[in-house]
2 protein chains.
Amino acid sequence: MSGTLYGLGVGPGDPGLLTLKAHAILRAVPVIAYIRAKRKTGEGESLARAIAAPHLPGGQVEIPFDIPMSSDPRVGQAVFDERMPRVAAHLEAGRDVAVLCEGDPLFHGSFISFMDRLSGDFPVTVVAGISSINAAAARVGLALATRNQAFGAIPATLDESRLESLLAGGDGAAIIKLGRHLAKVRAVIDRLGLTARAFYVERVTQEGEVGRALGDLAADFAAPYFSMILIAPETPDAGRRYE
Amino acid sequence: MSGTLYGLGVGPGDPGLLTLKAHAILRAVPVIAYIRAKRKTGEGESLARAIAAPHLPGGQVEIPFDIPMSSDPRVGQAVFDERMPRVAAHLEAGRDVAVLCEGDPLFHGSFISFMDRLSGDFPVTVVAGISSINAAAARVGLALATRNQAFGAIPATLDESRLESLLAGGDGAAIIKLGRHLAKVRAVIDRLGLTARAFYVERVTQEGEVGRALGDLAADFAAPYFSMILIAPETPDAGRRYE
């Protein structure tokens with residue numbers, strides 16, 4: 001009988017934001033796999049493994065996927081091609097393998113690549129994780145949406161006109177993966193008159209977390225990849241109802 | 001010293017989807033509060049309390065907010081006006097109060113009403129919860145978004161033209177709170193040619209969970225309030241990259 005491939009959401013950074021279910025699976029699986037951002041020098045780091053670290057029982061087999069940061073899709077594909085057979089071999093031998101995923105496995109998560117390649121041959125179970133967006137809202141104390149409000153999660157990598165139409169059409173929003181796109185995103189937010197409702201959050205629940213009003217950031221502020229801007233929806237009518 | 005008001009996300013239904021952090025707070029607080037849907041006869045039910053029940057240590061004070069289902073906002077307001085002083089009194093006396101919230105406290109959650117009324121006077125800590133959307137994606141095995149894809153969470157209560165423009169503008173989507181709006185939503189999805197990418201999920205991770213392709217539902221299918229339609233984004237290019 002083959003093992004199960006688990007996609008385990010480990011949340012945005014705080015190890016306390018793992019679910020009880022993910023925690024139990026993490027304690028029990030003999031094999032874990034995770035993406036590790038390969039650096040030019042040294043071994044690189046895996047945020048997902050760092051989040052899970054306090055909960056690891058020890059003794060498990062580890063399969064890191066060392067993927068260099070690159071805009072060329074073929075670079076990552078080559079690593080997946082090389083490493084995936086190791087994952088498959090454990091599953092074939094009846095051993096469960098848990099892929100550790102920052103945030104939620106199926107929302108901008110690398111687990112999608114594992115699922116696409118292995119779900120035809122092995123049983124797959126996904127355990128949802130706390131997304132960085134929900135964690136950021138909790139830290140800032142900002143309601144993402146209520147009543148009849150629409151909410152959008154929008155990558156900062158989109159071009160200005162697409163960003164503008166997505167932001168103009170919705171109510172609350174999170175603009176994720178800011179990095180070098182911050183200046184472009186700020187220009188769109190300013191143009192739409194949304195700056196007063198915009199909050200910047202960096203490395204939520206991780207070491208070095210930053211949270212502040214977007215208007216308070218210097219014009220040349222440098223945002224890392226793990227950062228976002230939350231746009232609060234307009235305050236709903238005074239008379240809220242239970243929905 | 002006053003107590004802390006906690007907004008505790010307890011997830012969509014499965015008690016295993018509580019976070020370790022929410023679990024620890026739940027075990028420690030002397031007072032819990034929760035919304036209970038008031039019925040015409042009998043006591044009504046609280047989904048949030050039912051999710052938390054296996055983890056409750058016993059002996060805590062409970063403050064149910066019995067709110068009749070009504071489209072009139074004043075009905076719920078009256079209950080909040082009457083009950084909130086009990087919550088405030090515990091906080092004033094230095095006792096922590098945890099408000100149990102289905103899914104995530106700040107995403108279409110009634111915790112927003114607690115926060116608005118009490119955050120001026122007492123410290124508030126929000127613990128993010130697994131949203132039903134992430135849980136539904138996990139159950140269906142559907143990627144919500146990846147790479148440059150935008151994702152929208154859209155209430156089914158919006159009118160047809162707004163639904164259509166929000167769905168046409170994004171990539172992946174979840175249309176939530178279907179209830180009596182299902183037929184309207186299906187018409188929009190059909191018109192946009194999205195039916196083949198649409199999955200219906202009802203009571204995710206709860207007793208009586210249903211998940212199936214939207215096209216397989218009978219034309220007169222009756223959806224409850226706790227149901228949604230996930231729209232899968234178009235399959236991204238074959239060459240995915242790690243982001």
# chains A, B, ... in the order shown; residues from 1 in each chain; ligands from 1
call {"tool": "closest_atom_pairs", "arguments": {"of": "chain B", "to": "chain A", "cutoff": "6 Å", "atoms": "only C-alpha atoms", "output": "tab-separated table"}}
result
residue	atom	partner	partner_atom	distance
B:Gly16	CA	A:Lys21	CA	4.8
B:Leu17	CA	A:Thr19	CA	5.2
B:Leu18	CA	A:Thr19	CA	5.4
B:Thr19	CA	A:Thr19	CA	4.0
B:Leu20	CA	A:Gly16	CA	5.1
B:Lys21	CA	A:Gly16	CA	4.8
B:Pro73	CA	A:Arg241	CA	4.2
B:Gly76	CA	A:Arg241	CA	5.5
B:Leu106	CA	A:Ala143	CA	4.6
B:Phe107	CA	A:Leu144	CA	5.3
B:His108	CA	A:Thr146	CA	4.2
B:Val126	CA	A:Ala138	CA	5.0
B:Ala128	CA	A:Ala135	CA	5.4
B:Ile130	CA	A:Ile130	CA	5.4
B:Asn134	CA	A:Ala128	CA	5.8
B:Ala135	CA	A:Ala128	CA	5.4
B:Ala138	CA	A:Val126	CA	5.0
B:Ala143	CA	A:Leu106	CA	4.6
B:Leu144	CA	A:Phe107	CA	5.3
B:Ala145	CA	A:Phe107	CA	5.4
B:Thr146	CA	A:His108	CA	4.2
B:Asn148	CA	A:Pro155	CA	5.8
B:Ala150	CA	A:Ile154	CA	4.7
B:Phe151	CA	A:Ala153	CA	5.1
B:Gly152	CA	A:Gly152	CA	4.3
B:Ala153	CA	A:Phe151	CA	5.1
B:Ile154	CA	A:Ala150	CA	4.7
B:Pro155	CA	A:Asn148	CA	5.8
B:Gly239	CA	A:Pro73	CA	5.4
B:Arg240	CA	A:Pro73	CA	5.5
B:Arg241	CA	A:Pro73	CA	4.2
call {"tool": "residues_around", "arguments": {"residues": "region 95-102 of chain A", "least_positions_apart": "5", "cutoff": "6 Å", "atoms": "only C-alpha atoms", "output": "ChimeraX atom specification"}}
result
/A:3-12,29,31-34,48,90
call {"tool": "closest_residue", "arguments": {"among": "B:Ala219, B:Glu207, B:Ala168, B:Arg186", "to": "Pro233 (chain B)", "atoms": "only C-alpha atoms"}}
result
B:Ala168
call {"tool": "select_by_dssp", "arguments": {"residues": "region 75-211 of chain A", "states": "helix (DSSP H, G or I)", "output": "JSON, numbers by chain"}}
result
{"A": [75, 76, 77, 78, 79, 80, 81, 82, 83, 84, 85, 86, 87, 88, 89, 90, 91, 92, 111, 112, 113, 114, 115, 116, 117, 118, 132, 133, 134, 135, 136, 137, 138, 139, 140, 160, 161, 162, 163, 164, 165, 166, 167, 168, 169, 179, 180, 181, 182, 183, 184, 185, 186, 187, 188, 189, 190, 191, 195, 196, 197]}
call {"tool": "atom_distance", "arguments": {"atom1": "CA of Ala198 (chain B)", "atom2": "CA of Glu164 (chain B)"}}
result
14.5 Å
call {"tool": "decode", "arguments": {"residues": "region 197-234 of chain B", "atoms": "N, CA, C and O atoms", "output": "tab-separated table (two decimals), in the first residue's frame"}}
result
chain	number	residue	atom	x	y	z
B	197	ARG	N	-14.96	25.03	-14.97
B	197	ARG	CA	-13.94	25.26	-13.94
B	197	ARG	C	-14.56	25.51	-12.56
B	197	ARG	O	-13.86	26.00	-11.66
B	198	ALA	N	-15.86	25.25	-12.40
B	198	ALA	CA	-16.55	25.63	-11.16
B	198	ALA	C	-16.89	24.41	-10.31
B	198	ALA	O	-17.41	23.40	-10.81
B	199	PHE	N	-16.59	24.49	-9.02
B	199	PHE	CA	-16.88	23.42	-8.06
B	199	PHE	C	-17.74	23.95	-6.93
B	199	PHE	O	-17.47	25.02	-6.39
B	200	TYR	N	-18.75	23.17	-6.61
B	200	TYR	CA	-19.66	23.54	-5.52
B	200	TYR	C	-19.22	22.82	-4.25
B	200	TYR	O	-18.96	21.61	-4.26
B	201	VAL	N	-19.11	23.55	-3.15
B	201	VAL	CA	-18.74	22.96	-1.86
B	201	VAL	C	-19.70	23.47	-0.79
B	201	VAL	O	-19.93	24.67	-0.66
B	202	GLU	N	-20.24	22.52	-0.02
B	202	GLU	CA	-21.24	22.85	1.00
B	202	GLU	C	-20.77	22.33	2.35
B	202	GLU	O	-20.26	21.22	2.43
B	203	ARG	N	-20.88	23.14	3.39
B	203	ARG	CA	-20.52	22.74	4.75
B	203	ARG	C	-19.14	22.07	4.80
B	203	ARG	O	-18.98	20.95	5.31
B	204	VAL	N	-18.14	22.78	4.33
B	204	VAL	CA	-16.81	22.18	4.22
B	204	VAL	C	-16.27	21.74	5.58
B	204	VAL	O	-16.35	22.48	6.56
B	205	THR	N	-15.79	20.53	5.66
B	205	THR	CA	-15.25	19.84	6.85
B	205	THR	C	-16.27	19.71	7.97
B	205	THR	O	-15.93	19.34	9.09
B	206	GLN	N	-17.54	20.02	7.69
B	206	GLN	CA	-18.60	19.81	8.68
B	206	GLN	C	-19.35	18.52	8.34
B	206	GLN	O	-19.20	17.96	7.26
B	207	GLU	N	-20.20	18.11	9.28
B	207	GLU	CA	-21.05	16.96	9.01
B	207	GLU	C	-21.94	17.31	7.81
B	207	GLU	O	-22.47	18.42	7.72
B	208	GLY	N	-22.09	16.39	6.89
B	208	GLY	CA	-22.93	16.64	5.72
B	208	GLY	C	-22.22	17.39	4.62
B	208	GLY	O	-22.86	17.97	3.75
B	209	GLU	N	-20.88	17.39	4.65
B	209	GLU	CA	-20.12	18.07	3.60
B	209	GLU	C	-20.48	17.54	2.22
B	209	GLU	O	-20.68	16.34	2.03
B	210	VAL	N	-20.60	18.45	1.27
B	210	VAL	CA	-20.86	18.10	-0.13
B	210	VAL	C	-19.82	18.80	-0.98
B	210	VAL	O	-19.52	19.97	-0.75
B	211	GLY	N	-19.25	18.11	-1.94
B	211	GLY	CA	-18.35	18.75	-2.90
B	211	GLY	C	-18.53	18.09	-4.25
B	211	GLY	O	-18.44	16.87	-4.37
B	212	ARG	N	-18.86	18.89	-5.26
B	212	ARG	CA	-18.99	18.30	-6.60
B	212	ARG	C	-18.93	19.39	-7.68
B	212	ARG	O	-19.03	20.57	-7.38
B	213	ALA	N	-18.72	18.94	-8.91
B	213	ALA	CA	-18.67	19.88	-10.03
B	213	ALA	C	-19.99	20.63	-10.11
B	213	ALA	O	-21.06	20.04	-9.93
B	214	LEU	N	-19.93	21.91	-10.37
B	214	LEU	CA	-21.16	22.73	-10.44
B	214	LEU	C	-22.10	22.19	-11.50
B	214	LEU	O	-23.32	22.16	-11.30
B	215	GLY	N	-21.53	21.74	-12.63
B	215	GLY	CA	-22.36	21.24	-13.72
B	215	GLY	C	-23.18	20.01	-13.35
B	215	GLY	O	-24.16	19.68	-14.03
B	216	ASP	N	-22.80	19.33	-12.28
B	216	ASP	CA	-23.52	18.12	-11.86
B	216	ASP	C	-24.70	18.42	-10.93
B	216	ASP	O	-25.43	17.50	-10.55
B	217	LEU	N	-24.86	19.66	-10.52
B	217	LEU	CA	-25.98	19.99	-9.62
B	217	LEU	C	-27.28	20.11	-10.42
B	217	LEU	O	-27.28	20.70	-11.50
B	218	ALA	N	-28.37	19.60	-9.87
B	218	ALA	CA	-29.69	19.75	-10.50
B	218	ALA	C	-30.03	21.24	-10.59
B	218	ALA	O	-29.55	22.06	-9.80
B	219	ALA	N	-30.84	21.59	-11.58
B	219	ALA	CA	-31.19	23.00	-11.80
B	219	ALA	C	-31.89	23.60	-10.58
B	219	ALA	O	-31.74	24.80	-10.31
B	220	ASP	N	-32.64	22.77	-9.85
B	220	ASP	CA	-33.37	23.31	-8.70
B	220	ASP	C	-32.67	22.99	-7.36
B	220	ASP	O	-33.30	23.00	-6.32
B	221	PHE	N	-31.38	22.70	-7.43
B	221	PHE	CA	-30.61	22.36	-6.22
B	221	PHE	C	-30.74	23.50	-5.19
B	221	PHE	O	-30.63	24.68	-5.53
B	222	ALA	N	-30.96	23.13	-3.93
B	222	ALA	CA	-31.11	24.14	-2.87
B	222	ALA	C	-29.82	24.22	-2.06
B	222	ALA	O	-29.43	23.26	-1.41
B	223	ALA	N	-29.15	25.36	-2.12
B	223	ALA	CA	-27.88	25.54	-1.41
B	223	ALA	C	-28.13	26.20	-0.05
B	223	ALA	O	-28.93	27.13	0.05
B	224	PRO	N	-27.46	25.72	1.00
B	224	PRO	CA	-27.58	26.40	2.29
B	224	PRO	C	-26.67	27.64	2.32
B	224	PRO	O	-25.90	27.87	1.39
B	225	TYR	N	-26.76	28.40	3.38
B	225	TYR	CA	-25.93	29.60	3.53
B	225	TYR	C	-24.44	29.24	3.52
B	225	TYR	O	-23.65	29.91	2.86
B	226	PHE	N	-24.06	28.19	4.25
B	226	PHE	CA	-22.65	27.80	4.32
B	226	PHE	C	-22.26	26.96	3.10
B	226	PHE	O	-22.00	25.76	3.21
B	227	SER	N	-22.25	27.59	1.96
B	227	SER	CA	-21.84	26.91	0.74
B	227	SER	C	-21.14	27.93	-0.14
B	227	SER	O	-21.28	29.14	0.06
B	228	MET	N	-20.38	27.42	-1.08
B	228	MET	CA	-19.65	28.33	-1.98
B	228	MET	C	-19.38	27.64	-3.29
B	228	MET	O	-19.50	26.41	-3.42
B	229	ILE	N	-19.03	28.44	-4.29
B	229	ILE	CA	-18.54	27.91	-5.56
B	229	ILE	C	-17.11	28.40	-5.74
B	229	ILE	O	-16.84	29.60	-5.62
B	230	LEU	N	-16.21	27.46	-5.95
B	230	LEU	CA	-14.83	27.82	-6.28
B	230	LEU	C	-14.67	27.81	-7.79
B	230	LEU	O	-15.14	26.88	-8.46
B	231	ILE	N	-14.05	28.85	-8.31
B	231	ILE	CA	-13.72	28.89	-9.74
B	231	ILE	C	-12.21	28.71	-9.86
B	231	ILE	O	-11.44	29.54	-9.36
B	232	ALA	N	-11.79	27.64	-10.52
B	232	ALA	CA	-10.35	27.40	-10.71
B	232	ALA	C	-9.80	28.40	-11.71
B	232	ALA	O	-10.44	28.66	-12.73
B	233	PRO	N	-8.63	28.97	-11.41
B	233	PRO	CA	-8.00	29.83	-12.43
B	233	PRO	C	-7.59	28.98	-13.61
B	233	PRO	O	-7.50	27.75	-13.50
B	234	GLU	N	-7.40	29.61	-14.75
B	234	GLU	CA	-6.91	28.84	-15.90
B	234	GLU	C	-5.61	28.17	-15.53
B	234	GLU	O	-4.79	28.72	-14.81
